[in-house]
>>> print(open('upload.cif').read())   # mmCIF, C-alpha atoms
data_query
loop_
_atom_site.label_atom_id
_atom_site.label_comp_id
_atom_site.auth_asym_id
_atom_site.auth_seq_id
_atom_site.Cartn_x
_atom_site.Cartn_y
_atom_site.Cartn_z
CA MET F 1 10.48 -17.94 -8.54
CA ARG F 2 9.32 -14.36 -9.00
CA PRO F 3 11.99 -11.64 -8.92
CA HIS F 4 11.67 -9.72 -5.66
CA PHE F 5 11.02 -6.01 -5.68
CA TYR F 6 14.50 -5.37 -4.30
CA SER F 7 16.28 -7.46 -6.94
CA ARG F 8 17.05 -4.19 -8.75
CA GLN F 9 18.01 -0.79 -7.43
CA SER F 10 15.65 2.14 -7.90
CA THR F 11 17.75 3.73 -10.66
CA ASP F 12 17.65 0.48 -12.65
CA LEU F 13 13.90 0.16 -12.11
CA ALA F 14 13.32 3.70 -13.32
CA ARG F 15 15.50 3.24 -16.40
CA TYR F 16 13.76 -0.01 -17.32
CA ALA F 17 10.29 1.44 -16.75
CA LEU F 18 10.86 4.55 -18.84
CA GLU F 19 12.37 2.51 -21.66
CA ASN F 20 9.44 0.09 -21.66
CA ARG F 21 6.45 2.41 -21.57
CA GLY F 22 3.74 1.77 -24.12
CA ASP F 23 1.59 4.05 -26.23
CA GLY F 24 -1.70 3.13 -24.54
CA GLY F 25 -3.08 1.61 -27.72
CA SER F 26 -2.87 -2.00 -26.66
CA GLY F 27 -2.50 -4.20 -23.61
CA PRO F 28 -4.90 -5.47 -20.95
CA ARG F 29 -8.25 -3.71 -20.69
CA LEU F 30 -8.77 -2.51 -17.14
CA VAL F 31 -11.92 -1.63 -15.23
CA ILE F 32 -11.52 0.63 -12.19
CA ILE F 33 -14.15 0.23 -9.47
CA GLY F 34 -14.11 3.39 -7.39
CA VAL F 35 -12.69 6.57 -8.92
CA GLY F 36 -12.24 8.73 -5.86
CA MET F 37 -8.82 10.15 -5.04
CA MET F 38 -6.96 6.83 -5.19
CA GLY F 39 -8.87 5.47 -8.18
CA ARG F 40 -8.04 8.56 -10.20
CA GLU F 41 -4.37 8.22 -9.28
CA HIS F 42 -4.46 4.72 -10.71
CA LEU F 43 -6.20 6.06 -13.81
CA ARG F 44 -3.44 8.61 -14.39
CA VAL F 45 -0.70 6.04 -13.86
CA VAL F 46 -2.36 3.70 -16.36
CA ALA F 47 -2.08 6.54 -18.87
CA LEU F 48 1.55 7.30 -17.98
CA LEU F 49 2.74 3.68 -18.16
CA GLY F 50 0.84 3.14 -21.41
CA ARG F 51 0.90 -0.64 -21.27
CA ALA F 52 -2.79 -1.12 -20.48
CA ARG F 53 -6.06 0.43 -21.61
CA LEU F 54 -8.85 1.82 -19.47
CA ARG F 55 -11.95 -0.12 -20.48
CA GLY F 56 -14.45 1.27 -17.99
CA ILE F 57 -15.15 2.83 -14.61
CA TYR F 58 -17.81 2.46 -11.95
CA ASP F 59 -18.54 4.63 -8.92
CA ALA F 60 -21.73 5.43 -7.03
CA SER F 61 -20.65 9.09 -6.76
CA PRO F 62 -21.51 11.25 -9.81
CA ASP F 63 -18.89 13.79 -8.74
CA SER F 64 -16.17 11.12 -8.75
CA ILE F 65 -17.24 9.99 -12.23
CA ARG F 66 -17.15 13.59 -13.48
CA LEU F 67 -13.63 14.13 -12.10
CA ALA F 68 -12.43 10.81 -13.54
CA LEU F 69 -13.70 11.68 -17.02
CA ALA F 70 -12.00 15.07 -16.76
CA ASP F 71 -8.73 13.31 -15.86
CA CYS F 72 -9.14 11.02 -18.87
CA ALA F 73 -9.50 14.03 -21.14
CA ALA F 74 -6.55 15.81 -19.56
CA HIS F 75 -4.24 12.81 -19.94
CA GLY F 76 -5.27 11.73 -23.42
CA VAL F 77 -7.15 8.62 -22.31
CA ALA F 78 -10.00 7.51 -24.54
CA GLU F 79 -13.27 8.07 -22.69
CA PRO F 80 -14.09 4.81 -20.87
CA LEU F 81 -17.42 3.12 -20.45
CA VAL F 82 -19.30 4.28 -17.36
CA TYR F 83 -21.17 1.33 -15.88
CA ASP F 84 -24.38 1.92 -13.99
CA SER F 85 -23.77 -0.95 -11.56
CA LEU F 86 -21.15 -3.41 -10.37
CA ASP F 87 -23.13 -6.17 -12.06
CA ALA F 88 -22.81 -4.36 -15.39
CA ALA F 89 -19.06 -3.99 -14.90
CA CYS F 90 -18.70 -7.69 -14.05
CA ALA F 91 -20.75 -8.69 -17.09
CA ASP F 92 -18.53 -6.82 -19.57
CA PRO F 93 -16.95 -9.55 -21.73
CA HIS F 94 -14.23 -7.17 -22.92
CA ALA F 95 -12.87 -6.41 -19.44
CA ASP F 96 -9.57 -8.20 -18.80
CA ALA F 97 -8.94 -7.23 -15.17
CA TYR F 98 -10.49 -5.25 -12.33
CA MET F 99 -9.02 -2.70 -9.91
CA VAL F 100 -10.92 -2.07 -6.65
CA CYS F 101 -10.16 1.41 -5.27
CA THR F 102 -13.20 1.99 -3.06
CA PRO F 103 -13.36 2.80 0.70
CA ASN F 104 -11.96 0.15 3.02
CA PHE F 105 -15.25 -1.12 4.40
CA SER F 106 -16.46 -2.07 0.91
CA HIS F 107 -13.44 -4.17 -0.12
CA TRP F 108 -14.71 -7.57 0.98
CA ASN F 109 -18.14 -7.25 -0.66
CA LEU F 110 -16.65 -6.00 -3.93
CA PHE F 111 -13.98 -8.69 -3.93
CA GLU F 112 -16.65 -11.32 -3.36
CA GLY F 113 -18.77 -9.84 -6.16
CA LEU F 114 -15.90 -10.00 -8.65
CA LEU F 115 -15.03 -13.64 -8.01
CA ALA F 116 -17.57 -14.93 -10.50
CA THR F 117 -15.63 -13.24 -13.31
CA GLY F 118 -12.56 -15.41 -12.70
CA LYS F 119 -10.48 -12.45 -13.91
CA PRO F 120 -7.47 -10.81 -12.22
CA ILE F 121 -8.28 -8.52 -9.31
CA PHE F 122 -6.22 -5.65 -7.92
CA LEU F 123 -7.45 -4.72 -4.44
CA GLU F 124 -6.40 -1.53 -2.70
CA LYS F 125 -5.10 -1.66 0.85
CA PRO F 126 -6.15 -2.62 3.43
CA MET F 127 -7.64 -5.80 1.95
CA ALA F 128 -10.46 -5.67 4.51
CA THR F 129 -11.43 -4.02 7.79
CA SER F 130 -11.76 -7.30 9.68
CA LEU F 131 -9.29 -10.14 10.08
CA ALA F 132 -12.02 -12.70 9.47
CA GLU F 133 -12.72 -11.26 6.01
CA ALA F 134 -9.00 -11.01 5.25
CA ARG F 135 -8.45 -14.62 6.27
CA ARG F 136 -11.21 -15.76 3.91
CA MET F 137 -9.57 -13.77 1.11
CA VAL F 138 -6.29 -15.64 1.63
CA ASP F 139 -8.00 -18.99 1.10
CA ILE F 140 -9.97 -17.73 -1.90
CA ALA F 141 -6.92 -16.14 -3.55
CA ARG F 142 -4.96 -19.39 -3.17
CA ASP F 143 -7.43 -21.27 -5.38
CA TYR F 144 -8.70 -18.41 -7.54
CA PRO F 145 -7.93 -18.84 -11.27
CA GLY F 146 -6.93 -15.21 -11.73
CA LEU F 147 -4.17 -13.06 -10.25
CA VAL F 148 -4.92 -11.26 -6.97
CA GLN F 149 -2.62 -8.31 -6.20
CA LEU F 150 -2.88 -5.99 -3.21
CA GLY F 151 -2.19 -2.28 -3.32
CA MET F 152 0.85 -2.12 -1.04
CA GLN F 153 2.68 0.39 -3.20
CA TYR F 154 4.98 1.77 -0.50
CA ARG F 155 7.31 -1.19 -1.06
CA PHE F 156 7.99 0.37 -4.48
CA LYS F 157 9.15 3.74 -3.14
CA ALA F 158 12.71 4.41 -4.26
CA GLN F 159 14.28 4.55 -0.81
CA TYR F 160 12.69 1.28 0.29
CA VAL F 161 13.61 -0.52 -2.92
CA ASP F 162 17.23 0.45 -2.29
CA ALA F 163 17.06 -0.35 1.43
CA PHE F 164 15.83 -3.86 0.70
CA HIS F 165 18.44 -4.23 -2.01
CA GLU F 166 21.23 -3.38 0.42
CA VAL F 167 19.95 -5.46 3.32
CA GLN F 168 18.73 -8.55 1.48
CA SER F 169 20.80 -8.73 -1.68
CA GLN F 170 24.25 -7.67 -0.52
CA GLN F 171 24.00 -8.48 3.19
CA VAL F 172 26.28 -5.51 3.91
CA ILE F 173 25.05 -5.04 7.48
CA GLY F 174 24.78 -8.73 8.32
CA PRO F 175 21.69 -10.32 9.89
CA VAL F 176 18.95 -7.83 10.72
CA LYS F 177 18.52 -7.29 14.46
CA THR F 178 16.29 -4.22 14.81
CA ILE F 179 13.94 -2.27 12.55
CA ALA F 180 12.59 1.21 13.22
CA MET F 181 10.07 3.03 11.06
CA ALA F 182 8.39 6.41 11.35
CA GLU F 183 5.87 8.56 9.53
CA TYR F 184 5.20 12.21 10.28
CA ARG F 185 2.48 13.83 8.19
CA PRO F 186 -0.52 16.19 8.12
CA PRO F 187 -4.01 14.88 9.01
CA PHE F 188 -6.11 12.58 6.85
CA LEU F 189 -7.26 14.22 3.63
CA ASP F 190 -10.88 14.73 2.66
CA LYS F 191 -12.50 11.67 1.09
CA VAL F 192 -15.95 11.07 -0.38
CA GLY F 193 -18.36 10.99 2.55
CA GLN F 194 -15.41 11.51 4.93
CA TRP F 195 -15.34 7.76 5.56
CA ASN F 196 -11.68 7.89 6.65
CA LYS F 197 -12.59 9.87 9.77
CA PHE F 198 -14.37 6.89 11.38
CA ASN F 199 -12.99 3.60 12.67
CA ARG F 200 -15.99 1.56 11.60
CA TYR F 201 -15.42 2.49 7.97
CA SER F 202 -11.62 2.58 7.87
CA GLY F 203 -10.73 -0.15 10.37
CA GLY F 204 -8.88 2.43 12.47
CA THR F 205 -5.87 4.61 11.71
CA LEU F 206 -3.32 1.84 12.26
CA VAL F 207 -5.21 -0.33 9.77
CA GLU F 208 -6.07 2.34 7.20
CA LYS F 209 -2.79 4.23 7.08
CA CYS F 210 -0.17 2.03 8.67
CA CYS F 211 -0.73 -1.36 7.05
CA HIS F 212 1.75 -0.09 4.41
CA TYR F 213 4.47 0.23 7.02
CA PHE F 214 3.68 -3.03 8.76
CA ASP F 215 3.97 -4.73 5.36
CA LEU F 216 7.44 -3.23 4.90
CA ILE F 217 8.52 -4.20 8.40
CA ASN F 218 7.18 -7.74 7.98
CA GLN F 219 9.08 -8.19 4.71
CA MET F 220 12.28 -6.84 6.21
CA ALA F 221 11.96 -8.98 9.35
CA ALA F 222 11.19 -12.13 7.32
CA GLY F 223 9.60 -13.66 10.39
CA ILE F 224 6.25 -14.19 12.05
CA PRO F 225 5.01 -11.42 14.38
CA THR F 226 4.24 -12.84 17.79
CA LYS F 227 3.62 -9.84 20.07
CA VAL F 228 2.43 -6.27 19.56
CA TYR F 229 2.11 -3.36 21.98
CA ALA F 230 0.88 0.12 21.08
CA GLN F 231 0.38 3.44 22.81
CA GLY F 232 -1.24 6.53 21.34
CA GLY F 233 -4.64 7.99 20.70
CA ARG F 234 -6.33 11.23 19.71
CA ALA F 235 -4.50 14.44 20.53
CA VAL F 236 -5.15 17.06 17.84
CA ASN F 237 -7.01 15.97 14.70
CA PHE F 238 -10.78 16.06 14.16
CA LEU F 239 -11.60 16.28 17.87
CA ASP F 240 -14.77 18.25 17.08
CA PHE F 241 -15.47 16.74 13.66
CA GLU F 242 -18.96 15.38 12.99
CA GLN F 243 -20.55 13.81 9.93
CA ASP F 244 -24.30 13.15 9.90
CA GLY F 245 -24.36 13.50 13.68
CA GLU F 246 -21.51 11.01 14.26
CA CYS F 247 -18.30 12.16 15.95
CA SER F 248 -14.95 11.22 14.46
CA ASP F 249 -13.06 8.62 16.50
CA ILE F 250 -9.81 8.10 14.58
CA ASP F 251 -6.40 8.18 16.30
CA ASP F 252 -3.72 10.62 15.20
CA HIS F 253 -0.53 9.35 16.85
CA ALA F 254 0.94 6.05 18.01
CA PHE F 255 4.06 4.18 19.08
CA VAL F 256 3.99 0.49 18.17
CA SER F 257 6.40 -2.26 19.26
CA ILE F 258 6.53 -5.60 17.42
CA THR F 259 8.33 -8.83 18.37
CA TYR F 260 9.07 -11.51 15.75
CA ASP F 261 9.63 -15.23 16.20
CA ASN F 262 13.19 -14.94 14.85
CA GLY F 263 14.19 -12.49 17.60
CA ILE F 264 13.99 -9.31 15.52
CA LEU F 265 12.49 -6.31 17.33
CA ALA F 266 10.72 -3.52 15.47
CA ASN F 267 9.03 -0.26 16.31
CA PHE F 268 6.84 2.15 14.41
CA THR F 269 6.09 5.81 15.15
CA LEU F 270 3.10 7.67 13.72
CA ASN F 271 2.35 11.37 13.99
CA MET F 272 -0.48 12.84 11.91
CA PHE F 273 -0.41 16.47 13.00
CA SER F 274 2.84 17.54 11.36
CA GLN F 275 3.08 20.28 8.74
CA GLU F 276 4.99 18.24 6.18
CA LEU F 277 5.54 14.59 5.22
CA TYR F 278 8.54 12.67 6.49
CA GLU F 279 9.20 8.92 6.47
CA GLU F 280 12.17 6.97 7.74
CA LEU F 281 13.24 3.32 7.89
CA VAL F 282 16.30 2.33 9.94
CA VAL F 283 17.54 -1.26 9.77
CA THR F 284 20.44 -2.25 11.99
CA GLY F 285 22.68 -5.30 12.02
CA PRO F 286 26.12 -6.11 13.42
CA GLY F 287 27.77 -4.51 10.38
CA GLY F 288 26.02 -1.12 10.49
CA ARG F 289 22.82 0.69 9.58
CA VAL F 290 20.72 1.23 6.48
CA VAL F 291 18.67 4.43 6.65
CA ALA F 292 15.98 5.14 4.05
CA SER F 293 14.11 8.42 4.25
CA GLU F 294 11.77 10.64 2.29
CA GLN F 295 10.66 14.24 2.57
CA ALA F 296 7.51 15.24 0.74
CA SER F 297 4.57 17.63 0.94
CA PHE F 298 0.88 17.98 0.20
CA ARG F 299 1.56 21.53 -0.97
CA PRO F 300 1.27 21.86 -4.76
CA GLY F 301 4.53 22.02 -6.67
CA VAL F 302 6.74 20.64 -3.89
CA PRO F 303 8.53 17.49 -5.10
CA SER F 304 9.52 14.62 -2.86
CA SER F 305 13.14 13.79 -2.06
CA ALA F 306 14.28 10.24 -1.27
CA LEU F 307 17.58 9.43 0.43
CA ILE F 308 19.50 6.23 1.23
CA LYS F 309 22.39 5.88 3.70
CA VAL F 310 24.40 2.71 4.20
CA GLU F 311 26.61 3.17 7.24
CA THR F 312 29.17 0.45 6.67
CA PRO F 313 32.88 1.17 6.02
CA ASP F 314 33.73 2.48 2.55
CA HIS F 315 30.17 2.22 1.22
CA PRO F 316 29.47 4.91 -1.44
CA ALA F 317 26.20 5.79 0.32
CA TYR F 318 27.82 6.20 3.75
CA ARG F 319 27.02 9.92 3.86
CA GLY F 320 23.80 9.54 1.91
CA LEU F 321 22.75 9.44 -1.72
CA GLU F 322 19.62 10.90 -3.27
CA VAL F 323 17.58 8.18 -5.01
CA THR F 324 14.44 10.14 -5.96
CA TYR F 325 12.72 8.81 -9.08
CA PRO F 326 12.80 10.94 -12.24
CA ASP F 327 10.30 13.79 -12.13
CA THR F 328 7.91 12.20 -14.65
CA ILE F 329 7.51 9.18 -12.40
CA GLU F 330 7.81 10.93 -9.03
CA ARG F 331 4.87 13.25 -9.75
CA SER F 332 2.56 10.41 -10.83
CA GLY F 333 1.51 9.56 -7.28
CA HIS F 334 2.91 8.37 -3.96
CA SER F 335 6.38 9.53 -4.98
CA GLY F 336 6.33 7.27 -8.01
CA ALA F 337 5.50 4.09 -6.09
CA THR F 338 2.12 3.65 -7.75
CA PHE F 339 3.79 3.72 -11.16
CA PHE F 340 5.97 0.72 -10.27
CA GLU F 341 3.08 -1.04 -8.61
CA HIS F 342 1.31 -0.79 -11.97
CA LEU F 343 4.41 -2.01 -13.76
CA ALA F 344 4.31 -5.18 -11.62
CA TRP F 345 0.53 -5.51 -12.16
CA VAL F 346 0.64 -5.15 -15.94
CA THR F 347 3.75 -7.31 -16.29
CA GLN F 348 1.88 -10.16 -14.63
CA LEU F 349 -1.26 -9.52 -16.69
CA GLU F 350 0.93 -9.82 -19.77
CA GLY F 351 2.12 -13.23 -18.59
CA GLY F 352 5.44 -12.14 -17.15
CA GLU F 353 6.83 -12.43 -13.64
CA ALA F 354 6.99 -9.58 -11.16
CA ASP F 355 6.79 -9.24 -7.43
CA ALA F 356 3.93 -7.43 -5.72
CA ALA F 357 1.95 -7.85 -2.52
CA THR F 358 -0.02 -11.08 -2.26
CA ALA F 359 -3.19 -11.73 -0.29
CA LEU F 360 -1.13 -13.65 2.25
CA GLN F 361 1.28 -10.74 2.74
CA GLY F 362 -1.64 -8.35 2.98
CA PHE F 363 -3.19 -10.53 5.66
CA TRP F 364 -0.04 -10.48 7.80
CA SER F 365 0.19 -6.70 7.53
CA LEU F 366 -3.43 -6.55 8.71
CA VAL F 367 -2.67 -8.92 11.61
CA VAL F 368 -0.06 -6.50 12.97
CA ALA F 369 -2.23 -3.45 12.26
CA SER F 370 -5.32 -4.96 13.90
CA ALA F 371 -3.36 -6.13 16.94
CA ALA F 372 -1.83 -2.67 17.28
CA GLN F 373 -5.27 -1.07 17.02
CA GLN F 374 -6.54 -3.42 19.74
CA SER F 375 -3.56 -2.70 21.95
CA LEU F 376 -4.12 1.03 21.50
CA THR F 377 -7.67 0.59 22.75
CA SER F 378 -7.06 -1.88 25.57
CA GLY F 379 -3.64 -0.76 26.79
CA GLU F 380 -2.53 -4.39 26.82
CA VAL F 381 0.22 -6.35 25.10
CA ILE F 382 -1.39 -8.41 22.33
CA LEU F 383 -0.17 -11.96 21.77
CA ILE F 384 -0.87 -12.70 18.12
CA ASP F 385 -1.81 -16.36 18.54
CA GLU F 386 -4.32 -15.58 21.29
CA PHE F 387 -5.65 -12.51 19.51
CA CYS F 388 -6.43 -14.43 16.32
CA ALA F 389 -7.69 -17.55 18.08
CA GLY F 390 -10.10 -15.36 20.03
CA GLN F 391 -11.66 -14.37 16.71
CA GLY F 392 -11.80 -17.94 15.44
CA ILE F 393 -8.96 -17.31 12.98
CA THR F 394 -6.44 -20.02 12.13
CA LEU F 395 -3.16 -18.44 11.13
CA PRO F 396 -1.79 -19.43 7.72
CA SER F 397 1.89 -19.94 6.98
CA HIS F 398 3.82 -16.70 6.82
CA GLY F 399 4.31 -15.14 3.39
#
>>> encode(input="upload.cif", output="structure tokens")
Amino acid sequence: MRPHFYSRQSTDLARYALENRGDGGSGPRLVIIGVGMMGREHLRVVALLGRARLRGIYDASPDSIRLALADCAAHGVAEPLVYDSLDAACADPHADAYMVCTPNFSHWNLFEGLLATGKPIFLEKPMATSLAEARRMVDIARDYPGLVQLGMQYRFKAQYVDAFHEVQSQQVIGPVKTIAMAEYRPPFLDKVGQWNKFNRYSGGTLVEKCCHYFDLINQMAAGIPTKVYAQGGRAVNFLDFEQDGECSDIDDHAFVSITYDNGILANFTLNMFSQELYEELVVTGPGGRVVASEQASFRPGVPSSALIKVETPDHPAYRGLEVTYPDTIERSGHSGATFFEHLAWVTQLEGGEADAATALQGFWSLVVASAAQQSLTSGEVILIDEFCAGQGITLPSHG
């Protein structure tokens, strides 16, 4: 059985990771498909971890290729091959594994195109923009000869690692009864072609941005979501934004309620017109609360700060403890979470065991996100069984 991501506390993870970095001269040879903002973050983390080599990159955007090569030079990475097509990347006999970091709407086609290689595939979140495509991925991944890992790196943020450790490992608060999560942040950033400003490319805000949080809530609830209700819409962001004559239609705030088959109730709050970044997870049981929070910023030079509180009698974190990763890791991207996501990825490529998001877990996060997006549009409570059956989707076992 694979060790779960909360089997260690964040300080132990950081110590282990820093002590086991490589020199970048050996290890699996990676190909990154898509070197926009997220692809380049992965490139930099590959360099920092040093336990894999960058074999090649592919992107249809010349500007993205130029920026990626500049990042390679800045971080001491040997200049990779630049493929002129996906077919050329797939045909490279020296590639050991592929990382797909392209816009959401392209994930299914690229995943399908890589299957013939039989090699491990890392697929950024969300796994697809439609549940039908995601469901097909689950079946394919089950029988695929190579590893399939999804890019749900938020589960590796320090505060959530420690929250899961407290709740699941030590059972200090007793059985989980309620879960509350929130994200306050500035608007969506600029992306190549501004694809993230349109539902048809992103899947909708609750799919594109919030599948991370629904993954965390699902793992904490350890049950099957049965009912979802969402309110929200467009209040501030991109109300007059157009690209090639098309008006932006993404939502910028929401309140989502989720019911699980084991009786756990959860809620999620999203606000995307705040000045700074703030996240919070509150898990409550009969013995008390676990509160995990993070303050961060898109402003240059402002570090993130992660905090854990465990409100049970005599707990050392009762009043709160800072659990922020060391600066070297924290600055590498997503408050250091991408670094540990790579650690899990490379560990498995090396033949070891590590926990990371599976296709099945990615599917269930997308189920909640898609149901919430539908509820936001229709104003109705969404029953998961009916919602999926209406799309011809048979639900797999929960993972």
>>> residues_around(input="upload.cif", residues="segment 309-317 of chain F", least_positions_apart="3", cutoff="6 Å", atoms="all atoms listed in the file", output="list in words")
Gly288, Arg289, Val290, Val291, Gly320 and Leu321 of chain F
>>> atom_distance(input="upload.cif", atom1="atom CA of Gln295 of chain F", atom2="atom CA of Tyr278 of chain F")
4.7 Å
>>> resolve_selection(input="upload.cif", expression="the PyMOL selection byres ((chain F and resi 18) around 10)", output="PyMOL selection string")
chain F and resi 13-17+19-22+48-49+326+328-329
>>> closest_atom_pairs(input="upload.cif", of="segment 115-198 of chain F", to="segment 86-95 of chain F", cutoff="10 Å", atoms="all atoms listed in the file", output="CSV")
residue,atom,partner,partner_atom,distance
F:Leu115,CA,F:Cys90,CA,9.2
F:Ala116,CA,F:Cys90,CA,8.1
F:Thr117,CA,F:Cys90,CA,6.4
F:Gly118,CA,F:Cys90,CA,10.0
F:Lys119,CA,F:Ala95,CA,8.5
>>> atom_distance(input="upload.cif", atom1="atom CA of Gln361 of chain F", atom2="atom CA of Val138 of chain F")
9.1 Å
>>> closest_residue(input="upload.cif", among="F:Leu343, F:Ile32, F:Ile140, F:Ala372", to="Val207 of chain F", atoms="only C-alpha atoms")
F:Ala372
>>> resolve_selection(input="upload.cif", expression="the PyMOL selection byres ((chain F and resi 208-215) around 10)", output="PDB file with C-alpha atoms, in the coordinates of the input")
ATOM      1  CA  PRO F 103     -13.360   2.800   0.700  1.00  0.00           C
ATOM      2  CA  ASN F 104     -11.960   0.150   3.020  1.00  0.00           C
ATOM      3  CA  LYS F 125      -5.100  -1.660   0.850  1.00  0.00           C
ATOM      4  CA  PRO F 126      -6.150  -2.620   3.430  1.00  0.00           C
ATOM      5  CA  MET F 127      -7.640  -5.800   1.950  1.00  0.00           C
ATOM      6  CA  ALA F 128     -10.460  -5.670   4.510  1.00  0.00           C
ATOM      7  CA  THR F 129     -11.430  -4.020   7.790  1.00  0.00           C
ATOM      8  CA  GLY F 151      -2.190  -2.280  -3.320  1.00  0.00           C
ATOM      9  CA  MET F 152       0.850  -2.120  -1.040  1.00  0.00           C
ATOM     10  CA  GLN F 153       2.680   0.390  -3.200  1.00  0.00           C
ATOM     11  CA  TYR F 154       4.980   1.770  -0.500  1.00  0.00           C
ATOM     12  CA  ARG F 155       7.310  -1.190  -1.060  1.00  0.00           C
ATOM     13  CA  MET F 181      10.070   3.030  11.060  1.00  0.00           C
ATOM     14  CA  ALA F 182       8.390   6.410  11.350  1.00  0.00           C
ATOM     15  CA  GLU F 183       5.870   8.560   9.530  1.00  0.00           C
ATOM     16  CA  PHE F 188      -6.110  12.580   6.850  1.00  0.00           C
ATOM     17  CA  ASN F 196     -11.680   7.890   6.650  1.00  0.00           C
ATOM     18  CA  ASN F 199     -12.990   3.600  12.670  1.00  0.00           C
ATOM     19  CA  TYR F 201     -15.420   2.490   7.970  1.00  0.00           C
ATOM     20  CA  SER F 202     -11.620   2.580   7.870  1.00  0.00           C
ATOM     21  CA  GLY F 203     -10.730  -0.150  10.370  1.00  0.00           C
ATOM     22  CA  GLY F 204      -8.880   2.430  12.470  1.00  0.00           C
ATOM     23  CA  THR F 205      -5.870   4.610  11.710  1.00  0.00           C
ATOM     24  CA  LEU F 206      -3.320   1.840  12.260  1.00  0.00           C
ATOM     25  CA  VAL F 207      -5.210  -0.330   9.770  1.00  0.00           C
ATOM     26  CA  LEU F 216       7.440  -3.230   4.900  1.00  0.00           C
ATOM     27  CA  ILE F 217       8.520  -4.200   8.400  1.00  0.00           C
ATOM     28  CA  ASN F 218       7.180  -7.740   7.980  1.00  0.00           C
ATOM     29  CA  GLN F 219       9.080  -8.190   4.710  1.00  0.00           C
ATOM     30  CA  MET F 220      12.280  -6.840   6.210  1.00  0.00           C
ATOM     31  CA  ALA F 221      11.960  -8.980   9.350  1.00  0.00           C
ATOM     32  CA  ILE F 258       6.530  -5.600  17.420  1.00  0.00           C
ATOM     33  CA  ALA F 266      10.720  -3.520  15.470  1.00  0.00           C
ATOM     34  CA  ASN F 267       9.030  -0.260  16.310  1.00  0.00           C
ATOM     35  CA  PHE F 268       6.840   2.150  14.410  1.00  0.00           C
ATOM     36  CA  THR F 269       6.090   5.810  15.150  1.00  0.00           C
ATOM     37  CA  LEU F 270       3.100   7.670  13.720  1.00  0.00           C
ATOM     38  CA  GLU F 279       9.200   8.920   6.470  1.00  0.00           C
ATOM     39  CA  LEU F 281      13.240   3.320   7.890  1.00  0.00           C
ATOM     40  CA  ALA F 357       1.950  -7.850  -2.520  1.00  0.00           C
ATOM     41  CA  GLN F 361       1.280 -10.740   2.740  1.00  0.00           C
ATOM     42  CA  GLY F 362      -1.640  -8.350   2.980  1.00  0.00           C
ATOM     43  CA  PHE F 363      -3.190 -10.530   5.660  1.00  0.00           C
ATOM     44  CA  TRP F 364      -0.040 -10.480   7.800  1.00  0.00           C
ATOM     45  CA  SER F 365       0.190  -6.700   7.530  1.00  0.00           C
ATOM     46  CA  LEU F 366      -3.430  -6.550   8.710  1.00  0.00           C
ATOM     47  CA  VAL F 367      -2.670  -8.920  11.610  1.00  0.00           C
ATOM     48  CA  VAL F 368      -0.060  -6.500  12.970  1.00  0.00           C
ATOM     49  CA  ALA F 369      -2.230  -3.450  12.260  1.00  0.00           C
ATOM     50  CA  SER F 370      -5.320  -4.960  13.900  1.00  0.00           C
ATOM     51  CA  ALA F 372      -1.830  -2.670  17.280  1.00  0.00           C
TER      52      ALA F 372
END
>>> resolve_selection(input="upload.cif", expression="the PyMOL selection byres ((chain F and resi 226-234) around 8)", output="PyMOL selection string")
chain F and resi 224-225+235-237+239+249-261+368+371-373+375-376+379-385
>>> residues_around(input="upload.cif", residues="Val31 of chain F", least_positions_apart="6", cutoff="10 Å", atoms="all atoms listed in the file", output="CSV table (one decimal) with C-alpha atoms, keeping the file's coordinate frame")
chain,number,residue,atom,x,y,z
F,43,LEU,CA,-6.2,6.1,-13.8
F,53,ARG,CA,-6.1,0.4,-21.6
F,54,LEU,CA,-8.8,1.8,-19.5
F,55,ARG,CA,-12.0,-0.1,-20.5
F,56,GLY,CA,-14.4,1.3,-18.0
F,57,ILE,CA,-15.2,2.8,-14.6
F,58,TYR,CA,-17.8,2.5,-12.0
F,80,PRO,CA,-14.1,4.8,-20.9
F,81,LEU,CA,-17.4,3.1,-20.4
F,82,VAL,CA,-19.3,4.3,-17.4
F,83,TYR,CA,-21.2,1.3,-15.9
F,89,ALA,CA,-19.1,-4.0,-14.9
F,90,CYS,CA,-18.7,-7.7,-14.0
F,92,ASP,CA,-18.5,-6.8,-19.6
F,94,HIS,CA,-14.2,-7.2,-22.9
F,95,ALA,CA,-12.9,-6.4,-19.4
F,96,ASP,CA,-9.6,-8.2,-18.8
F,97,ALA,CA,-8.9,-7.2,-15.2
F,98,TYR,CA,-10.5,-5.2,-12.3
F,99,MET,CA,-9.0,-2.7,-9.9
F,100,VAL,CA,-10.9,-2.1,-6.6
F,121,ILE,CA,-8.3,-8.5,-9.3
>>> closest_residue(input="upload.cif", among="F:Glu386, F:Asp327, F:Asp12, F:Glu350", to="Arg51 of chain F", atoms="all atoms listed in the file")
F:Glu350
>>> atom_distance(input="upload.cif", atom1="atom CA of Phe164 of chain F", atom2="atom CA of Met272 of chain F")
25.9 Å
>>> residues_near_point(input="upload.cif", point="(-3.6, -6.5, -20.4)", cutoff="7 Å", atoms="all atoms listed in the file", output="PDB file with C-alpha atoms, in the coordinates of the input")
ATOM      1  CA  GLY F  27      -2.500  -4.200 -23.610  1.00  0.00           C
ATOM      2  CA  PRO F  28      -4.900  -5.470 -20.950  1.00  0.00           C
ATOM      3  CA  ARG F  29      -8.250  -3.710 -20.690  1.00  0.00           C
ATOM      4  CA  ALA F  52      -2.790  -1.120 -20.480  1.00  0.00           C
ATOM      5  CA  ASP F  96      -9.570  -8.200 -18.800  1.00  0.00           C
ATOM      6  CA  VAL F 346       0.640  -5.150 -15.940  1.00  0.00           C
ATOM      7  CA  LEU F 349      -1.260  -9.520 -16.690  1.00  0.00           C
ATOM      8  CA  GLU F 350       0.930  -9.820 -19.770  1.00  0.00           C
TER       9      GLU F 350
END
